>>> print(open('data-v6.cif').read())   # mmCIF, C-alpha atoms and all ligand atoms
data_model
#
loop_
_atom_site.label_atom_id
_atom_site.label_comp_id
_atom_site.auth_asym_id
_atom_site.auth_seq_id
_atom_site.Cartn_x
_atom_site.Cartn_y
_atom_site.Cartn_z
CA MET A 29 109.24 30.27 99.81
CA ALA A 30 110.54 33.63 100.96
CA GLU A 31 110.90 34.51 104.63
CA LYS A 32 107.83 35.86 106.31
CA SER A 33 108.08 39.64 106.39
CA THR A 34 108.22 41.21 109.81
CA HIS A 35 106.37 44.23 108.49
CA GLY A 36 103.13 42.46 107.59
CA THR A 37 102.02 41.23 104.26
CA GLY A 38 101.95 43.53 101.27
CA ILE A 39 100.49 42.66 97.90
CA ILE A 40 101.96 43.69 94.58
CA ILE A 41 100.00 43.12 91.41
CA LYS A 42 102.10 43.36 88.26
CA ASN A 43 101.01 43.56 84.63
CA LEU A 44 97.95 41.44 85.31
CA TYR A 45 95.69 40.47 82.39
CA LYS A 46 92.56 38.35 82.39
CA ILE A 47 90.80 37.37 79.21
CA PHE A 48 87.71 35.15 79.42
CA GLY A 49 86.94 32.76 76.56
CA ARG A 50 88.00 29.53 74.88
CA ASN A 51 91.53 30.49 74.00
CA PRO A 52 92.62 33.52 76.05
CA GLN A 53 96.36 33.07 75.47
CA ALA A 54 95.87 33.63 71.76
CA TYR A 55 94.79 37.23 72.37
CA VAL A 56 97.15 38.48 75.08
CA GLU A 57 99.64 39.93 72.64
CA ALA A 58 96.93 41.66 70.65
CA VAL A 59 95.47 43.16 73.83
CA LYS A 60 98.93 44.30 74.93
CA LYS A 61 99.28 46.00 71.56
CA GLY A 62 96.03 47.88 72.08
CA MET A 63 93.10 45.72 70.99
CA THR A 64 90.06 47.15 72.80
CA LYS A 65 87.57 45.30 74.95
CA ALA A 66 84.87 45.91 72.32
CA GLU A 67 87.04 44.63 69.46
CA LEU A 68 88.05 41.53 71.39
CA ASN A 69 84.43 40.84 72.17
CA THR A 70 82.72 41.51 68.84
CA GLU A 71 85.43 40.14 66.54
CA HIS A 72 86.85 37.31 68.62
CA GLY A 73 84.14 36.41 71.13
CA HIS A 74 86.41 36.87 74.16
CA VAL A 75 85.85 39.10 77.19
CA LEU A 76 88.60 41.39 78.42
CA GLY A 77 88.25 41.11 82.21
CA LEU A 78 91.41 42.92 83.30
CA LYS A 79 94.03 44.82 81.37
CA ASP A 80 97.53 45.60 82.61
CA ILE A 81 96.67 46.00 86.29
CA ASN A 82 99.51 47.31 88.46
CA ILE A 83 98.81 48.02 92.13
CA ASP A 84 101.17 48.13 95.06
CA MET A 85 99.20 47.48 98.24
CA PRO A 86 101.36 48.23 101.27
CA ALA A 87 101.05 45.97 104.31
CA GLY A 88 98.63 47.15 106.96
CA CYS A 89 96.67 49.48 104.69
CA ILE A 90 93.14 49.46 103.40
CA GLN A 91 93.29 49.33 99.61
CA VAL A 92 89.94 50.12 98.05
CA VAL A 93 89.14 49.03 94.51
CA MET A 94 86.22 51.00 93.16
CA GLY A 95 84.30 50.90 89.92
CA LEU A 96 80.86 50.46 88.41
CA SER A 97 79.25 47.06 88.06
CA GLY A 98 81.09 44.98 85.46
CA SER A 99 84.31 47.00 85.69
CA GLY A 100 86.31 43.95 86.88
CA LYS A 101 86.44 44.41 90.67
CA SER A 102 85.50 40.84 91.61
CA THR A 103 87.73 39.45 88.90
CA LEU A 104 90.62 41.40 90.37
CA ILE A 105 90.14 40.49 94.04
CA ARG A 106 89.72 36.82 93.14
CA HIS A 107 93.18 36.82 91.62
CA ILE A 108 94.67 37.59 95.02
CA ASN A 109 93.77 34.18 96.43
CA ARG A 110 93.75 32.71 92.94
CA LEU A 111 90.14 31.77 92.76
CA ILE A 112 90.83 33.01 89.21
CA ASP A 113 94.00 32.26 87.25
CA PRO A 114 95.34 35.19 85.29
CA THR A 115 95.99 35.06 81.56
CA ALA A 116 99.26 36.92 82.21
CA GLY A 117 100.95 38.71 85.08
CA GLU A 118 102.02 38.30 88.69
CA VAL A 119 100.41 38.53 92.11
CA LEU A 120 103.20 38.89 94.65
CA VAL A 121 102.46 38.36 98.32
CA ASP A 122 105.54 38.70 100.49
CA ASN A 123 107.50 38.45 97.24
CA VAL A 124 106.01 35.05 96.41
CA ASP A 125 104.04 34.81 93.18
CA VAL A 126 100.64 33.31 94.01
CA VAL A 127 100.25 32.49 90.32
CA LYS A 128 103.19 30.07 90.45
CA MET A 129 102.17 28.22 93.61
CA ASN A 130 101.39 24.51 93.29
CA GLU A 131 98.19 23.11 94.76
CA ALA A 132 99.61 22.36 98.19
CA GLU A 133 101.24 25.77 98.49
CA LEU A 134 98.07 27.46 97.34
CA ARG A 135 95.98 25.58 99.90
CA GLN A 136 98.35 26.64 102.68
CA PHE A 137 98.38 30.20 101.42
CA ARG A 138 94.60 30.43 101.29
CA ARG A 139 94.13 28.97 104.75
CA HIS A 140 96.80 30.88 106.59
CA LYS A 141 97.30 34.15 104.72
CA THR A 142 93.84 35.13 103.51
CA ALA A 143 90.31 35.48 104.81
CA MET A 144 87.28 36.64 102.86
CA VAL A 145 84.15 38.55 103.75
CA PHE A 146 81.38 38.20 101.19
CA GLN A 147 78.52 40.49 100.17
CA LYS A 148 75.93 37.80 100.83
CA PHE A 149 77.54 36.88 104.18
CA ALA A 150 77.83 33.18 103.15
CA LEU A 151 77.29 31.92 106.69
CA LEU A 152 76.61 28.25 107.32
CA PRO A 153 72.88 28.22 108.19
CA HIS A 154 72.94 25.13 110.40
CA ARG A 155 75.84 26.38 112.52
CA THR A 156 75.56 28.81 115.40
CA VAL A 157 77.42 32.12 115.39
CA LEU A 158 80.20 30.52 117.42
CA GLU A 159 80.45 27.48 115.14
CA ASN A 160 80.51 29.74 112.08
CA ALA A 161 83.34 31.77 113.55
CA VAL A 162 85.55 28.77 114.34
CA TYR A 163 85.21 27.36 110.83
CA GLY A 164 88.54 28.56 109.44
CA LEU A 165 90.51 27.41 112.47
CA GLU A 166 88.76 24.05 112.35
CA ILE A 167 90.06 23.58 108.80
CA GLN A 168 93.51 24.67 109.91
CA GLY A 169 93.42 21.93 112.55
CA VAL A 170 93.89 24.33 115.48
CA PRO A 171 93.04 22.76 118.91
CA ARG A 172 89.39 23.14 119.85
CA SER A 173 90.02 25.21 122.99
CA LYS A 174 92.06 27.70 120.97
CA GLN A 175 89.35 27.82 118.27
CA LEU A 176 86.72 28.71 120.85
CA GLU A 177 88.86 31.23 122.66
CA GLU A 178 89.68 33.12 119.46
CA ALA A 179 86.12 32.94 118.14
CA ARG A 180 84.61 34.24 121.38
CA ARG A 181 87.11 37.08 121.47
CA TRP A 182 86.30 38.26 117.95
CA ILE A 183 82.57 37.76 118.32
CA ALA A 184 82.71 40.08 121.32
CA ARG A 185 84.99 42.48 119.48
CA VAL A 186 82.48 42.95 116.63
CA GLY A 187 79.72 43.57 119.18
CA LEU A 188 77.95 40.21 119.19
CA GLU A 189 78.61 39.06 122.73
CA GLY A 190 75.58 37.08 123.92
CA PHE A 191 74.72 35.88 120.40
CA GLU A 192 77.25 33.02 120.28
CA ASP A 193 74.53 30.37 120.27
CA SER A 194 72.17 32.12 117.82
CA TYR A 195 71.69 30.89 114.28
CA PRO A 196 72.25 33.19 111.29
CA ASN A 197 68.55 33.37 110.37
CA GLN A 198 67.80 34.77 113.83
CA LEU A 199 70.01 37.79 113.12
CA SER A 200 69.53 40.98 111.10
CA GLY A 201 71.64 41.59 107.98
CA GLY A 202 74.01 43.89 109.84
CA MET A 203 74.51 41.34 112.58
CA GLN A 204 75.06 38.55 110.07
CA GLN A 205 77.79 40.58 108.45
CA ARG A 206 79.36 41.10 111.87
CA VAL A 207 79.49 37.31 112.08
CA GLY A 208 81.13 37.26 108.63
CA LEU A 209 83.71 39.69 109.92
CA ALA A 210 84.26 37.77 113.18
CA ARG A 211 84.74 34.57 111.19
CA ALA A 212 87.33 36.22 108.95
CA LEU A 213 89.16 37.76 111.91
CA THR A 214 89.16 34.50 113.87
CA ASN A 215 91.25 33.02 111.03
CA ASP A 216 94.00 35.44 111.99
CA ALA A 217 95.14 35.83 108.38
CA PRO A 218 97.19 38.91 107.50
CA ILE A 219 95.12 39.59 104.36
CA LEU A 220 91.43 40.37 104.47
CA LEU A 221 89.56 40.30 101.17
CA MET A 222 86.21 42.07 101.22
CA ASP A 223 84.17 42.03 98.00
CA GLU A 224 81.30 44.53 98.37
CA ALA A 225 81.02 43.26 101.92
CA PHE A 226 78.77 46.11 103.04
CA SER A 227 76.89 46.76 99.79
CA ALA A 228 73.82 44.72 100.76
CA LEU A 229 73.30 46.61 104.02
CA ASP A 230 70.97 49.55 104.66
CA PRO A 231 72.79 52.92 104.67
CA LEU A 232 72.91 53.47 108.45
CA ILE A 233 73.93 49.87 109.18
CA ARG A 234 76.49 50.17 106.43
CA MET A 235 78.03 53.24 108.05
CA ASP A 236 78.08 51.39 111.37
CA MET A 237 79.99 48.54 109.76
CA GLN A 238 82.46 50.98 108.20
CA SER A 239 83.07 52.39 111.68
CA VAL A 240 83.51 48.90 113.11
CA LEU A 241 86.06 48.07 110.42
CA LEU A 242 88.02 51.34 110.81
CA ASP A 243 88.06 50.92 114.55
CA LEU A 244 89.26 47.31 114.30
CA GLN A 245 91.89 48.16 111.73
CA LYS A 246 93.65 50.47 114.22
CA GLU A 247 94.27 47.34 116.24
CA ILE A 248 94.64 44.54 113.68
CA LYS A 249 96.53 46.47 110.97
CA LYS A 250 95.81 43.89 108.32
CA THR A 251 96.25 44.32 104.61
CA ILE A 252 92.65 44.82 103.60
CA VAL A 253 91.44 44.79 100.01
CA PHE A 254 88.00 46.33 100.01
CA ILE A 255 85.82 46.36 96.92
CA THR A 256 83.01 48.86 96.55
CA HIS A 257 81.05 50.71 93.89
CA ASP A 258 80.36 53.54 96.31
CA LEU A 259 82.66 56.55 96.37
CA ASP A 260 81.68 57.74 99.85
CA GLU A 261 82.54 54.30 101.20
CA ALA A 262 85.80 54.28 99.24
CA LEU A 263 86.80 57.68 100.62
CA ARG A 264 85.87 56.79 104.16
CA LEU A 265 87.74 53.47 104.24
CA GLY A 266 90.54 53.65 101.73
CA ASP A 267 94.09 54.58 102.61
CA ARG A 268 94.49 54.17 98.90
CA ILE A 269 91.91 53.87 96.17
CA ALA A 270 92.23 52.35 92.69
CA ILE A 271 89.44 53.10 90.24
CA LEU A 272 88.61 50.49 87.61
CA ARG A 273 86.77 51.06 84.38
CA ASP A 274 86.20 48.34 81.78
CA GLY A 275 88.97 46.24 83.31
CA GLU A 276 91.55 49.02 83.41
CA ILE A 277 92.77 51.21 86.24
CA VAL A 278 91.97 54.78 85.36
CA GLN A 279 93.37 56.36 88.50
CA GLN A 280 94.88 55.41 91.82
CA GLY A 281 96.00 57.38 94.83
CA THR A 282 94.66 58.67 98.13
CA GLY A 283 91.05 59.80 98.30
CA GLN A 284 92.25 63.36 98.50
CA ASP A 285 94.41 62.95 95.35
CA ILE A 286 91.44 61.66 93.45
CA VAL A 287 88.97 64.28 94.63
CA LEU A 288 91.38 67.16 94.03
CA ASN A 289 92.75 65.93 90.70
CA PRO A 290 90.31 63.60 88.98
CA ALA A 291 92.13 62.01 86.02
CA ASP A 292 89.25 62.22 83.54
CA ASP A 293 85.55 62.97 83.06
CA TYR A 294 84.57 59.49 84.27
CA ILE A 295 86.19 60.15 87.63
CA SER A 296 85.01 63.76 87.73
CA SER A 297 81.47 62.48 87.42
CA PHE A 298 82.07 60.23 90.43
CA VAL A 299 83.65 62.90 92.61
CA LYS A 300 81.39 65.85 91.88
CA GLU A 301 78.83 64.79 94.51
CA VAL A 302 81.43 64.24 97.21
CA ASN A 303 81.44 66.21 100.43
CA ARG A 304 84.89 67.72 99.93
CA GLY A 305 84.96 69.01 103.49
CA ARG A 306 85.25 65.41 104.67
CA VAL A 307 88.07 64.53 102.30
CA ILE A 308 90.37 67.52 101.99
CA MET A 309 92.75 68.08 104.88
CA VAL A 310 93.82 71.37 106.43
CA ASP A 311 97.46 70.88 105.44
CA THR A 312 96.45 70.83 101.76
CA ILE A 313 95.17 74.40 101.79
CA MET A 314 96.85 76.05 104.80
CA THR A 315 99.24 78.96 104.51
CA PRO A 316 102.52 77.57 105.82
CA GLY A 317 104.37 79.28 108.62
CA VAL A 318 103.43 80.75 111.98
CA ARG A 319 100.93 83.56 111.93
CA ASN A 320 101.97 86.69 113.80
CA GLY A 321 99.75 87.14 116.81
CA GLY A 322 98.15 83.76 116.24
CA ALA A 323 98.94 82.51 119.71
CA GLY A 324 95.38 82.87 121.00
CA LEU A 325 93.78 81.01 118.09
CA PRO A 326 92.46 77.47 118.34
CA SER A 327 94.65 74.86 116.67
CA VAL A 328 94.06 71.59 114.84
CA ALA A 329 96.51 68.85 113.83
CA THR A 330 97.68 68.21 110.29
CA GLY A 331 95.42 65.59 108.71
CA THR A 332 92.29 67.24 110.15
CA ILE A 333 89.49 67.46 107.60
CA LEU A 334 88.12 70.86 106.60
CA GLU A 335 84.66 70.19 107.97
CA HIS A 336 86.10 69.67 111.43
CA ALA A 337 88.25 72.81 111.20
CA ALA A 338 85.17 74.78 110.13
CA ARG A 339 83.19 73.38 113.05
CA ILE A 340 85.84 74.47 115.54
CA MET A 341 86.02 77.97 114.09
CA THR A 342 82.23 78.20 114.29
CA GLU A 343 82.09 76.99 117.87
CA GLU A 344 84.94 79.23 118.97
CA HIS A 345 83.57 82.27 117.09
CA VAL A 346 86.81 82.85 115.21
CA SER A 347 87.46 83.09 111.49
CA GLU A 348 90.98 81.70 111.60
CA ILE A 349 92.68 78.62 112.99
CA GLN A 350 96.21 77.35 113.40
CA VAL A 351 97.55 74.01 112.22
CA HIS A 352 100.12 72.07 114.24
CA ASP A 353 102.16 68.97 113.44
CA GLY A 354 102.30 65.69 115.37
CA LYS A 355 104.59 67.26 117.94
CA GLY A 356 102.32 70.23 118.57
CA LYS A 357 104.53 72.67 116.66
CA PRO A 358 102.59 75.30 114.67
CA VAL A 359 103.15 74.75 110.94
CA GLY A 360 100.50 76.87 109.29
CA HIS A 361 97.21 78.73 109.49
CA ILE A 362 93.98 78.84 107.61
CA ASP A 363 90.95 81.13 107.49
CA MET A 364 87.26 80.35 107.11
CA GLN A 365 87.11 81.88 103.65
CA SER A 366 89.69 79.49 102.23
CA VAL A 367 88.03 76.54 103.98
CA ILE A 368 84.70 77.40 102.35
CA SER A 369 86.31 77.93 98.94
CA ALA A 370 87.95 74.53 99.09
CA MET A 371 84.74 72.82 100.21
CA VAL A 372 82.78 74.08 97.22
CA THR A 373 83.11 71.83 94.18
CA PRO A 374 84.74 73.75 91.33
CA ILE A 375 82.47 74.23 88.34
CA THR A 376 83.59 72.00 85.49
CA HIS A 377 84.67 73.48 82.21
CA GLU A 378 81.60 71.99 80.47
CA ALA A 379 79.18 73.29 83.09
CA ARG A 380 80.65 76.77 82.77
CA GLN A 381 80.31 76.65 78.99
CA ALA A 382 76.73 75.43 79.25
CA ALA A 383 75.90 78.30 81.60
CA GLU A 384 77.34 80.94 79.29
N1 LIG A 401 83.69 33.64 83.93
C1 LIG A 401 83.50 34.68 83.10
N2 LIG A 401 83.35 34.49 81.79
C2 LIG A 401 83.18 35.54 80.94
N3 LIG A 401 83.14 36.81 81.34
C3 LIG A 401 83.28 37.07 82.65
C4 LIG A 401 83.47 36.02 83.61
N4 LIG A 401 83.58 36.59 84.84
C5 LIG A 401 83.46 37.92 84.66
N5 LIG A 401 83.29 38.21 83.34
C6 LIG A 401 83.19 39.56 82.75
O1 LIG A 401 84.27 40.34 83.23
C7 LIG A 401 83.85 41.67 83.48
C8 LIG A 401 84.10 42.06 84.93
O2 LIG A 401 83.26 41.31 85.80
P1 LIG A 401 83.34 41.44 87.38
O3 LIG A 401 84.74 41.27 87.80
O4 LIG A 401 82.35 40.50 87.97
O5 LIG A 401 82.88 42.94 87.61
P2 LIG A 401 82.44 43.71 88.95
O6 LIG A 401 82.78 42.85 90.12
O7 LIG A 401 83.19 45.00 88.90
O8 LIG A 401 80.97 43.96 88.84
C9 LIG A 401 82.40 41.75 83.07
O9 LIG A 401 82.37 42.20 81.73
C10 LIG A 401 81.93 40.31 83.18
O10 LIG A 401 80.86 40.06 82.33
MG MG A 402 81.60 42.11 91.71
#
>>> encode(input="data-v6.cif", output="structure tokens")
Amino acid sequence: MAEKSTHGTGIIIKNLYKIFGRNPQAYVEAVKKGMTKAELNTEHGHVLGLKDINIDMPAGCIQVVMGLSGSGKSTLIRHINRLIDPTAGEVLVDNVDVVKMNEAELRQFRRHKTAMVFQKFALLPHRTVLENAVYGLEIQGVPRSKQLEEARRWIARVGLEGFEDSYPNQLSGGMQQRVGLARALTNDAPILLMDEAFSALDPLIRMDMQSVLLDLQKEIKKTIVFITHDLDEALRLGDRIAILRDGEIVQQGTGQDIVLNPADDYISSFVKEVNRGRVIMVDTIMTPGVRNGGAGLPSVATGTILEHAARIMTEEHVSEIQVHDGKGKPVGHIDMQSVISAMVTPITHEARQAAE
């Protein structure tokens, strides 16, 4: 196996295909040559799960995979720890192809490199919170004192101090998912796989959990693969987002890339309801350079979202603001009018035609 990277664990998915059915190999070439999902299904009774997936997930980032139900999200994430074998393609983790691992290597890989958080929590009902959290380390054969120390630390870190001896059915959904997260973190694996982990939670609890995860990630810097069907969640969490449709990636990039330049109508329909003020950053629309006489204006850092810039201008009773870089050097300026213009969703071509 390759040396362990000192820069964390990145994941590269290359030319990945998954066909479900009795004889998937027989159809790979046809699919590569363009046979559609519908054709494969109606004429050959096979299901095209994934088609030519290529994603480079840098170490320490949150990679979101988004798509509607049935688009292939679970199929994709399950390839990363090889709960599903691909029909073709590679899944490289630290340059090692998970697809080629033998059983012993795979077992080691799953135990030490990956942890999962499930939508339905999947806690052991007859174990306490503490005993649930130690589970992964128990399997790894870590000494008991170390198991408990780590588990207690992460239970506290996700906000469940005092609940160590509770049982899952004594906890609310949000708290149960905190246990799921504590259990995954106690494993101390560099890769965290989260398949719709927050989708079963009520909206406010869900936002709480997103905050917990973002806050933790500043410290743990794991490679997190987060599956969701919700664009707001994707934009809030994802350093990068890949959008799946019918087993194919239709677009990938930062949230801002996707909102500003949706690749097709499918993605436009997703992004049209988005609060653009929370996605677009000041540097995207600022006028570069130092504004003459701008010295007295308030200033925000690059990477600040428009909504926040607008709030500051409102509070300070000014209609213009400066933008500075990480070192505090002014790099541009922006006025309220351009902030508002950028926050308003552009009317689509079709909508304009319909209105005329
Ligand atoms: N074991 C299987 N056998 C046949 N088809 C499957 C199997 N697992 C998933 N599929 C099909 O693959 C597609 C993607 O499913 P899935 O990955 O579960 O989607 P998502 O998680 O985005 O809702 C769907 O069309 C689904 O019916
Ligand atoms: Mg799924």
>>> atom_distance(input="data-v6.cif", atom1="CA of Glu71 (chain A)", atom2="CA of Gln53 (chain A)")
15.8 Å
>>> axis_aligned_box(input="data-v6.cif", around="ligand LIG 401 (chain A)", padding_each_side="3 Å", output="JSON")
{"center_x": 82.8, "center_y": 39.3, "center_z": 85.5, "size_x": 9.9, "size_y": 17.4, "size_z": 15.2}
>>> residues_near_ligand(input="data-v6.cif", ligand="ligand MG 402 (chain A)", cutoff="10 Å", atoms="only C-alpha atoms and all ligand atoms", output="ChimeraX atom specification")
/A:95-106,147,223-224,255-257
>>> closest_residue(input="data-v6.cif", among="A:His154, A:Asn197, A:Val92, A:Arg273", to="ligand LIG 401 (chain A)", atoms="all atoms listed in the file")
A:Arg273
>>> atom_distance(input="data-v6.cif", atom1="CA of Ile40 (chain A)", atom2="CA of Ile83 (chain A)")
5.9 Å
>>> closest_residue(input="data-v6.cif", among="A:Asn82, A:Asn130, A:Thr282, A:Asn69", to="ligand LIG 401 (chain A)", atoms="only C-alpha atoms and all ligand atoms")
A:Asn69
>>> residues_around(input="data-v6.cif", residues="Lys355 (chain A)", least_positions_apart="5", cutoff="12 Å", atoms="all atoms listed in the file", output="list in words")
Val328, Ala329 and Thr330 of chain A
>>> residues_around(input="data-v6.cif", residues="Gln205 (chain A)", least_positions_apart="5", cutoff="12 Å", atoms="only C-alpha atoms", output="PyMOL selection string")
chain A and resi 144-151+157+160-161+183+186-188+196-197+199-200+210-212+222+224-230+233-234+236-238+240-241
>>> closest_residue(input="data-v6.cif", among="A:Lys60, A:Lys65, A:His352, A:His140", to="ligand LIG 401 (chain A)", atoms="only C-alpha atoms and all ligand atoms")
A:Lys65
>>> closest_residue(input="data-v6.cif", among="A:Arg264, A:Ile368, A:Val162, A:Glu276", to="ligand LIG 401 (chain A)", atoms="all atoms listed in the file")
A:Glu276
>>> closest_residue(input="data-v6.cif", among="A:Arg181, A:Lys246, A:Lys61, A:Lys46", to="ligand LIG 401 (chain A)", atoms="all atoms listed in the file")
A:Lys46
>>> atom_distance(input="data-v6.cif", atom1="CA of Glu189 (chain A)", atom2="CA of Ile90 (chain A)")
26.3 Å
>>> closest_residue(input="data-v6.cif", among="A:Val59, A:Tyr195, A:Leu213, A:Asp258", to="ligand LIG 401 (chain A)", atoms="all atoms listed in the file")
A:Asp258
>>> residues_around(input="data-v6.cif", residues="Asn320 (chain A)", least_positions_apart="6", cutoff="12 Å", atoms="only C-alpha atoms", output="PDB file with C-alpha atoms, keeping the file's coordinate frame")
ATOM      1  CA  GLN A 350      96.210  77.350 113.400  1.00  0.00           C
ATOM      2  CA  PRO A 358     102.590  75.300 114.670  1.00  0.00           C
ATOM      3  CA  GLY A 360     100.500  76.870 109.290  1.00  0.00           C
ATOM      4  CA  HIS A 361      97.210  78.730 109.490  1.00  0.00           C
TER       5      HIS A 361
END
>>> residues_around(input="data-v6.cif", residues="Cys89 (chain A)", least_positions_apart="3", cutoff="9 Å", atoms="only C-alpha atoms", output="PyMOL selection string")
chain A and resi 38+85-86+245+249-253+266-268
>>> write_last_selection(input="data-v6.cif", atoms="C-alpha atoms", output="PDB file, keeping the file's coordinate frame")
ATOM      1  CA  GLY A  38     101.950  43.530 101.270  1.00  0.00           C
ATOM      2  CA  MET A  85      99.200  47.480  98.240  1.00  0.00           C
ATOM      3  CA  PRO A  86     101.360  48.230 101.270  1.00  0.00           C
ATOM      4  CA  GLN A 245      91.890  48.160 111.730  1.00  0.00           C
ATOM      5  CA  LYS A 249      96.530  46.470 110.970  1.00  0.00           C
ATOM      6  CA  LYS A 250      95.810  43.890 108.320  1.00  0.00           C
ATOM      7  CA  THR A 251      96.250  44.320 104.610  1.00  0.00           C
ATOM      8  CA  ILE A 252      92.650  44.820 103.600  1.00  0.00           C
ATOM      9  CA  VAL A 253      91.440  44.790 100.010  1.00  0.00           C
ATOM     10  CA  GLY A 266      90.540  53.650 101.730  1.00  0.00           C
ATOM     11  CA  ASP A 267      94.090  54.580 102.610  1.00  0.00           C
ATOM     12  CA  ARG A 268      94.490  54.170  98.900  1.00  0.00           C
TER      13      ARG A 268
END
>>> residues_around(input="data-v6.cif", residues="Ala337 (chain A)", least_positions_apart="5", cutoff="9 Å", atoms="only C-alpha atoms", output="PyMOL selection string")
chain A and resi 310+327-328+332+342+349+364+367
>>> write_last_selection(input="data-v6.cif", atoms="C-alpha atoms", output="tab-separated table (two decimals), in the coordinates of the input")
chain	number	residue	atom	x	y	z
A	310	VAL	CA	93.82	71.37	106.43
A	327	SER	CA	94.65	74.86	116.67
A	328	VAL	CA	94.06	71.59	114.84
A	332	THR	CA	92.29	67.24	110.15
A	342	THR	CA	82.23	78.20	114.29
A	349	ILE	CA	92.68	78.62	112.99
A	364	MET	CA	87.26	80.35	107.11
A	367	VAL	CA	88.03	76.54	103.98
>>> build_atoms(input="data-v6.cif", residues="region 123-137 of chain A", atoms="N, CA and C atoms", output="mmCIF file, in the coordinates of the input")
data_model
loop_
_atom_site.group_PDB
_atom_site.id
_atom_site.type_symbol
_atom_site.label_atom_id
_atom_site.label_comp_id
_atom_site.auth_asym_id
_atom_site.auth_seq_id
_atom_site.Cartn_x
_atom_site.Cartn_y
_atom_site.Cartn_z
ATOM 1 N N ASN A 123 106.560 38.784 98.319
ATOM 2 C CA ASN A 123 107.500 38.450 97.240
ATOM 3 C C ASN A 123 107.324 37.047 96.644
ATOM 4 N N VAL A 124 106.286 36.357 97.022
ATOM 5 C CA VAL A 124 106.010 35.050 96.410
ATOM 6 C C VAL A 124 104.867 35.221 95.417
ATOM 7 N N ASP A 125 105.064 34.670 94.210
ATOM 8 C CA ASP A 125 104.040 34.810 93.180
ATOM 9 C C ASP A 125 102.956 33.748 93.382
ATOM 10 N N VAL A 126 101.772 34.216 93.760
ATOM 11 C CA VAL A 126 100.640 33.310 94.010
ATOM 12 C C VAL A 126 100.316 32.507 92.748
ATOM 13 N N VAL A 127 100.561 33.118 91.598
ATOM 14 C CA VAL A 127 100.250 32.490 90.320
ATOM 15 C C VAL A 127 101.092 31.223 90.104
ATOM 16 N N LYS A 128 102.280 31.199 90.688
ATOM 17 C CA LYS A 128 103.190 30.070 90.450
ATOM 18 C C LYS A 128 103.098 28.985 91.532
ATOM 19 N N MET A 129 102.257 29.213 92.536
ATOM 20 C CA MET A 129 102.170 28.220 93.610
ATOM 21 C C MET A 129 101.553 26.913 93.100
ATOM 22 N N ASN A 130 102.052 25.776 93.608
ATOM 23 C CA ASN A 130 101.390 24.510 93.290
ATOM 24 C C ASN A 130 100.181 24.348 94.217
ATOM 25 N N GLU A 131 99.454 23.254 94.031
ATOM 26 C CA GLU A 131 98.190 23.110 94.760
ATOM 27 C C GLU A 131 98.365 23.131 96.271
ATOM 28 N N ALA A 132 99.386 22.435 96.746
ATOM 29 C CA ALA A 132 99.610 22.360 98.190
ATOM 30 C C ALA A 132 99.977 23.732 98.757
ATOM 31 N N GLU A 133 100.851 24.429 98.044
ATOM 32 C CA GLU A 133 101.240 25.770 98.490
ATOM 33 C C GLU A 133 100.040 26.717 98.497
ATOM 34 N N LEU A 134 99.235 26.593 97.468
ATOM 35 C CA LEU A 134 98.070 27.460 97.340
ATOM 36 C C LEU A 134 97.078 27.199 98.482
ATOM 37 N N ARG A 135 96.895 25.920 98.815
ATOM 38 C CA ARG A 135 95.980 25.580 99.900
ATOM 39 C C ARG A 135 96.469 26.193 101.210
ATOM 40 N N GLN A 136 97.762 26.057 101.474
ATOM 41 C CA GLN A 136 98.350 26.640 102.680
ATOM 42 C C GLN A 136 98.188 28.151 102.696
ATOM 43 N N PHE A 137 98.487 28.749 101.547
ATOM 44 C CA PHE A 137 98.380 30.200 101.420
ATOM 45 C C PHE A 137 96.963 30.666 101.706
#
